[in-house]
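The file work_25.txt contains compact mmCIF, C-alpha atoms:
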# COMPACT_ATOMS: atom_id res chain seq x y z
CA GLY A 1 4.80 14.68 -1.19
CA ILE A 2 2.13 12.11 -1.99
CA VAL A 3 -0.31 14.79 -3.15
CA TYR A 4 2.28 16.57 -5.28
CA GLY A 5 3.34 13.28 -6.84
CA ALA A 6 -0.27 12.38 -7.69
CA GLN A 7 -0.71 15.79 -9.30
CA GLY A 8 2.43 15.42 -11.39
CA ARG A 9 4.18 18.23 -9.52
CA TYR A 10 7.37 16.24 -9.20
CA SER A 11 9.80 19.00 -8.22
CA GLU A 12 7.55 19.94 -5.32
CA ALA A 13 7.13 16.28 -4.37
CA ILE A 14 10.91 15.85 -4.26
CA ALA A 15 11.26 18.97 -2.11
CA ALA A 16 8.57 17.73 0.28
CA TYR A 17 10.14 14.29 0.64
CA LYS A 18 13.57 15.83 1.20
CA THR A 19 12.08 17.93 4.02
CA TYR A 20 10.46 14.78 5.44
CA LEU A 21 13.83 13.04 5.17
CA SER A 22 15.65 15.84 6.99
CA LEU A 23 13.08 15.97 9.79
CA SER A 24 13.17 12.18 10.19
CA GLN A 25 16.96 12.24 10.42
CA GLN A 26 16.89 15.00 13.01
CA ALA A 27 14.34 13.06 15.06
CA LYS A 28 16.33 9.82 14.62
CA ASP A 29 13.19 8.26 13.15
CA ASP A 30 14.59 5.37 11.14
CA SER A 31 11.22 4.27 9.76
CA GLY A 32 10.44 7.81 8.61
CA GLU A 33 13.86 8.13 7.01
CA ALA A 34 13.42 4.84 5.14
CA ALA A 35 9.95 5.87 3.96
CA ALA A 36 11.18 9.27 2.76
CA LEU A 37 14.04 7.67 0.82
CA SER A 38 11.73 5.07 -0.70
CA ASN A 39 9.23 7.71 -1.82
CA LEU A 40 12.05 9.76 -3.32
CA GLY A 41 13.07 6.67 -5.25
CA ILE A 42 9.57 6.30 -6.67
CA ILE A 43 9.56 9.91 -7.87
CA TYR A 44 13.09 9.70 -9.30
CA ASP A 45 12.16 6.49 -11.11
CA SER A 46 9.03 8.08 -12.60
CA GLN A 47 11.22 10.91 -13.91
CA SER A 48 13.75 8.49 -15.45
CA GLN A 49 16.40 9.58 -12.93
CA PHE A 50 17.36 5.97 -12.41
CA HIS A 51 20.80 6.46 -10.85
CA SER A 52 19.29 8.75 -8.22
CA ALA A 53 16.50 6.24 -7.65
CA ILE A 54 19.01 3.44 -7.09
CA GLU A 55 20.98 5.56 -4.61
CA VAL A 56 18.00 6.36 -2.39
CA TYR A 57 16.51 2.87 -2.71
CA GLN A 58 19.83 1.40 -1.54
CA ARG A 59 19.96 3.75 1.44
CA SER A 60 16.37 2.89 2.34
CA LEU A 61 17.04 -0.83 1.96
CA GLU A 62 19.99 -0.63 4.37
CA ILE A 63 17.74 0.95 7.00
CA VAL A 64 14.87 -1.47 6.38
CA GLU A 65 17.16 -4.50 6.64
CA ARG A 66 18.44 -3.21 9.96
CA LEU A 67 14.88 -2.64 11.22
CA GLN A 68 13.70 -5.97 9.87
CA ALA A 69 15.90 -7.80 12.34
CA GLU A 70 13.84 -6.12 15.07
CA THR A 71 10.34 -6.09 13.52
CA ASP A 72 10.40 -8.99 11.03
CA ASP A 73 8.57 -6.74 8.56
CA TRP A 74 9.32 -8.00 5.06
CA VAL A 75 6.91 -5.85 3.04
CA ASP A 76 9.04 -2.72 2.71
CA ARG A 77 12.10 -4.77 1.79
CA MET A 78 10.23 -6.59 -0.99
CA GLU A 79 9.05 -3.28 -2.46
CA LEU A 80 12.55 -1.84 -2.35
CA LEU A 81 14.06 -4.90 -4.01
CA GLY A 82 11.47 -4.62 -6.75
CA GLY A 83 12.16 -0.89 -7.12
CA LEU A 84 15.88 -1.51 -7.43
CA GLY A 85 15.28 -4.26 -9.96
CA ASN A 86 13.10 -1.98 -12.08
CA ALA A 87 15.61 0.88 -11.94
CA TYR A 88 18.47 -1.36 -13.08
CA TYR A 89 16.18 -2.81 -15.77
CA SER A 90 15.47 0.70 -17.07
CA LEU A 91 19.22 1.32 -17.25
CA GLY A 92 19.71 -1.87 -19.25
CA GLU A 93 21.71 -3.48 -16.44
CA TYR A 94 19.85 -6.77 -16.67
CA SER A 95 22.11 -8.93 -14.51
CA GLN A 96 21.59 -6.57 -11.57
CA ALA A 97 17.88 -6.35 -12.30
CA LEU A 98 17.60 -10.14 -12.39
CA ALA A 99 19.34 -10.51 -9.05
CA TYR A 100 17.05 -8.03 -7.28
CA HIS A 101 13.84 -9.44 -8.77
CA GLN A 102 14.91 -12.96 -7.82
CA GLN A 103 15.41 -11.78 -4.24
CA ALA A 104 11.98 -10.13 -4.27
CA LEU A 105 10.41 -13.34 -5.61
CA ALA A 106 12.08 -15.50 -2.97
CA MET A 107 10.91 -13.17 -0.21
CA ALA A 108 7.34 -13.00 -1.55
CA ASP A 109 7.28 -16.79 -1.72
CA ALA A 110 8.62 -17.11 1.82
CA VAL A 111 5.91 -14.90 3.32
CA GLY A 112 3.10 -16.12 1.05
CA ASP A 113 2.43 -12.74 -0.57
CA ARG A 114 0.84 -13.84 -3.84
CA PRO A 115 0.33 -10.39 -5.42
CA ALA A 116 3.99 -9.54 -4.74
CA LYS A 117 4.98 -12.93 -6.13
CA GLY A 118 2.99 -12.29 -9.29
CA ALA A 119 4.61 -8.88 -9.72
CA ALA A 120 8.07 -10.38 -9.24
CA TRP A 121 7.38 -13.04 -11.87
CA GLY A 122 6.23 -10.34 -14.28
CA ASN A 123 9.36 -8.29 -13.65
CA LEU A 124 11.55 -11.34 -14.15
CA GLY A 125 9.75 -12.09 -17.39
CA ASN A 126 10.58 -8.62 -18.68
CA VAL A 127 14.24 -9.08 -17.83
CA TYR A 128 14.42 -12.51 -19.47
CA TYR A 129 12.74 -11.04 -22.56
CA HIS A 130 15.45 -8.41 -22.91
CA LEU A 131 18.09 -11.09 -22.38
CA ALA A 132 16.47 -12.96 -25.31
CA ASP A 133 15.79 -15.92 -23.01
CA TYR A 134 12.29 -16.37 -24.41
CA PRO A 135 11.39 -19.74 -22.82
CA GLN A 136 12.19 -18.33 -19.36
CA ALA A 137 10.35 -15.12 -20.18
CA LEU A 138 7.23 -16.99 -21.27
CA ASP A 139 7.29 -19.23 -18.20
CA ALA A 140 7.61 -16.21 -15.91
CA HIS A 141 4.75 -14.32 -17.55
CA GLU A 142 2.54 -17.41 -17.51
CA ARG A 143 3.15 -17.72 -13.76
CA SER A 144 2.36 -14.03 -13.33
CA LEU A 145 -0.88 -14.44 -15.30
CA ALA A 146 -1.97 -17.46 -13.24
CA ILE A 147 -1.51 -15.55 -9.99
CA ALA A 148 -3.29 -12.47 -11.38
CA GLU A 149 -6.27 -14.59 -12.42
CA ASP A 150 -6.35 -16.47 -9.09
CA THR A 151 -6.30 -13.23 -7.10
CA GLY A 152 -8.74 -11.37 -9.35
CA ASN A 153 -6.22 -8.74 -10.40
CA ARG A 154 -7.48 -8.06 -13.93
CA GLU A 155 -5.08 -5.18 -14.54
CA ALA A 156 -2.11 -7.44 -13.81
CA ALA A 157 -3.71 -10.14 -15.97
CA ALA A 158 -3.95 -7.72 -18.90
CA THR A 159 -0.29 -6.78 -18.50
CA ALA A 160 0.76 -10.44 -18.38
CA LEU A 161 -1.25 -11.24 -21.53
CA GLY A 162 0.46 -8.39 -23.39
CA ASN A 163 3.87 -9.48 -22.20
CA MET A 164 3.20 -13.04 -23.32
CA GLY A 165 2.12 -11.69 -26.68
CA ASN A 166 5.40 -9.80 -27.00
CA VAL A 167 7.36 -12.99 -26.30
CA HIS A 168 5.43 -14.89 -28.97
CA ASP A 169 6.11 -12.00 -31.36
CA ALA A 170 9.83 -12.42 -30.69
CA LEU A 171 9.52 -16.18 -31.30
CA GLY A 172 7.71 -15.60 -34.60
CA ASN A 173 4.47 -17.12 -33.29
CA TYR A 174 2.38 -14.30 -34.70
CA ALA A 175 -1.03 -15.99 -34.63
CA LYS A 176 -0.60 -16.71 -30.92
CA ALA A 177 0.72 -13.19 -30.33
CA VAL A 178 -2.36 -11.67 -32.00
CA GLN A 179 -4.63 -13.85 -29.87
CA LEU A 180 -2.92 -12.70 -26.66
CA HIS A 181 -2.90 -9.02 -27.66
CA TRP A 182 -6.63 -9.25 -28.41
CA GLN A 183 -7.19 -10.82 -24.98
CA MET A 184 -5.24 -7.97 -23.38
CA LEU A 185 -7.32 -5.43 -25.30
CA GLY A 186 -10.55 -7.07 -24.16
CA VAL A 187 -9.56 -7.14 -20.48
CA ALA A 188 -8.23 -3.57 -20.57
CA ARG A 189 -11.44 -2.27 -22.12
CA ALA A 190 -13.59 -4.26 -19.68
CA ILE A 191 -11.94 -2.66 -16.66
CA GLY A 192 -11.53 0.80 -18.18
CA ASN A 193 -7.74 0.65 -18.22
CA ARG A 194 -7.05 3.12 -21.02
CA GLU A 195 -3.26 2.87 -20.77
CA GLY A 196 -3.52 -0.89 -21.12
CA GLU A 197 -5.89 -0.47 -24.06
CA HIS A 198 -3.40 1.93 -25.67
CA LYS A 199 -0.57 -0.59 -25.33
CA ALA A 200 -2.68 -3.42 -26.72
CA LEU A 201 -3.65 -1.35 -29.77
CA GLY A 202 0.03 -0.63 -30.42
CA ASN A 203 0.94 -4.28 -30.00
CA LEU A 204 -1.74 -5.38 -32.45
CA GLY A 205 -0.68 -2.76 -34.97
CA ALA A 206 2.94 -3.89 -34.76
CA THR A 207 2.13 -7.60 -35.04
CA TYR A 208 -0.20 -7.16 -38.02
CA CYS A 209 2.50 -5.05 -39.70
CA ILE A 210 5.09 -7.83 -39.26
CA GLN A 211 2.61 -10.27 -40.83
CA GLY A 212 2.16 -7.98 -43.83
CA GLN A 213 -1.46 -7.19 -42.93
CA TYR A 214 -0.93 -3.50 -43.52
CA GLN A 215 -4.56 -2.37 -43.62
CA LYS A 216 -5.27 -3.91 -40.22
CA SER A 217 -1.98 -2.54 -38.92
CA LEU A 218 -2.90 0.95 -40.09
CA GLN A 219 -6.30 0.79 -38.41
CA PHE A 220 -4.81 -0.19 -35.05
CA HIS A 221 -1.98 2.33 -35.28
CA GLN A 222 -4.51 5.09 -36.01
CA GLN A 223 -6.50 4.11 -32.91
CA TYR A 224 -3.22 3.93 -30.98
CA LEU A 225 -2.26 7.47 -32.01
CA GLU A 226 -5.74 8.86 -31.29
CA MET A 227 -5.69 7.36 -27.82
CA ALA A 228 -2.12 8.60 -27.25
CA GLU A 229 -3.30 12.12 -27.98
CA ALA A 230 -6.30 11.70 -25.66
CA LEU A 231 -4.05 10.41 -22.89
CA GLY A 232 -1.46 13.16 -23.42
CA ILE A 233 1.35 10.83 -24.43
CA PRO A 234 3.67 12.99 -26.59
CA GLU A 235 6.07 10.15 -27.43
CA SER A 236 3.44 8.57 -29.64
Any chance you could put this one into structure tokens?
Amino acid sequence: GIVYGAQGRYSEAIAAYKTYLSLSQQAKDDSGEAAALSNLGIIYDSQSQFHSAIEVYQRSLEIVERLQAETDDWVDRMELLGGLGNAYYSLGEYSQALAYHQQALAMADAVGDRPAKGAAWGNLGNVYYHLADYPQALDAHERSLAIAEDTGNREAAATALGNMGNVHDALGNYAKAVQLHWQMLGVARAIGNREGEHKALGNLGATYCIQGQYQKSLQFHQQYLEMAEALGIPES
């Protein structure tokens, strides 16, 4: 399942994880069953099958919560809460998403897992952004950035910078937005994160367009489209 998923062979990955799930159930292997369900959720989520993802994440969470009472293992539960939050976010069900990401944040804080805490703050920032609660969104992304920088996670830092830029765009602070999108572009290029570079180019093109700087906007959108083609992103 892991190999198929990495290769983009999602139907085969789903079939493999379903076999793993069946075998785990037959063997009464609760940990294996939870893992199979969680991995199915990841594949479903990547294929935009968000309702299916939520169903299997919920089933996995029920098992993990039962096992947690015996093992005190919080990691799987945090990941599942985050997965559920992201699935509800993708469906536009922001109240549900907010609740799950807040639970994930509280758990990460309780166990001192800083990377998980940074991810939770970033997820919360995205939800607040779509709720048009821009002060909360900016605060959350700033917290995510601080953790990313403290832990040396430059990919997460680039994402946080872009998210902060998007918030400033929404607030009409275009000069600050441009500055943040340029910072994201610089970090993404420095670490060879081409998807991050692609997003930053698109963000810069959009912000310059809003400002009426159409020549600059065109230049960045052209780079954005060229990179989209190179990365095989048909939506662009």
List the neighbours of A:Tyr44 out to 9 Å using all atoms listed in the file; skip same-chain residues closer than 6 positions along the sequence, and give me the result as a list in words.
Tyr10, Ile14, Phe50, His51, Ser52, Ala53 and Ile54 of chain A
Which residue out of A:Asp30, A:Ser90, A:Tyr214, A:Ser48 has the minimum interatomic distance to A:Glu65 when all atoms listed in the file are used?
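Ranking A:Asp30, A:Ser90, A:Tyr214, A:Ser48 by distance to A:Glu65, first place goes to A:Asp30.
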Shell around A:Leu105 at 7 Å using all atoms listed in the file, local window under 4 positions removed, as a compact mmCIF listing (two decimals) with C-alpha atoms, keeping the file's coordinate frame:
# COMPACT_ATOMS: atom_id res chain seq x y z
CA HIS A 101 13.84 -9.44 -8.77
CA ASP A 109 7.28 -16.79 -1.72
CA LYS A 117 4.98 -12.93 -6.13
CA ALA A 120 8.07 -10.38 -9.24
CA TRP A 121 7.38 -13.04 -11.87
Enter the distance from atom CA of A:Asn39 to atom CA of A:Tyr17, in Å, rounded to one decimal.
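Interatomic distance here is 7.1 Å.
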How many Å lie between atom CA of A:Lys216 and atom CA of A:Leu201, rounded to one decimal?
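Spanning atom CA of A:Lys216 to atom CA of A:Leu201 is a straight-line distance of 10.9 Å.
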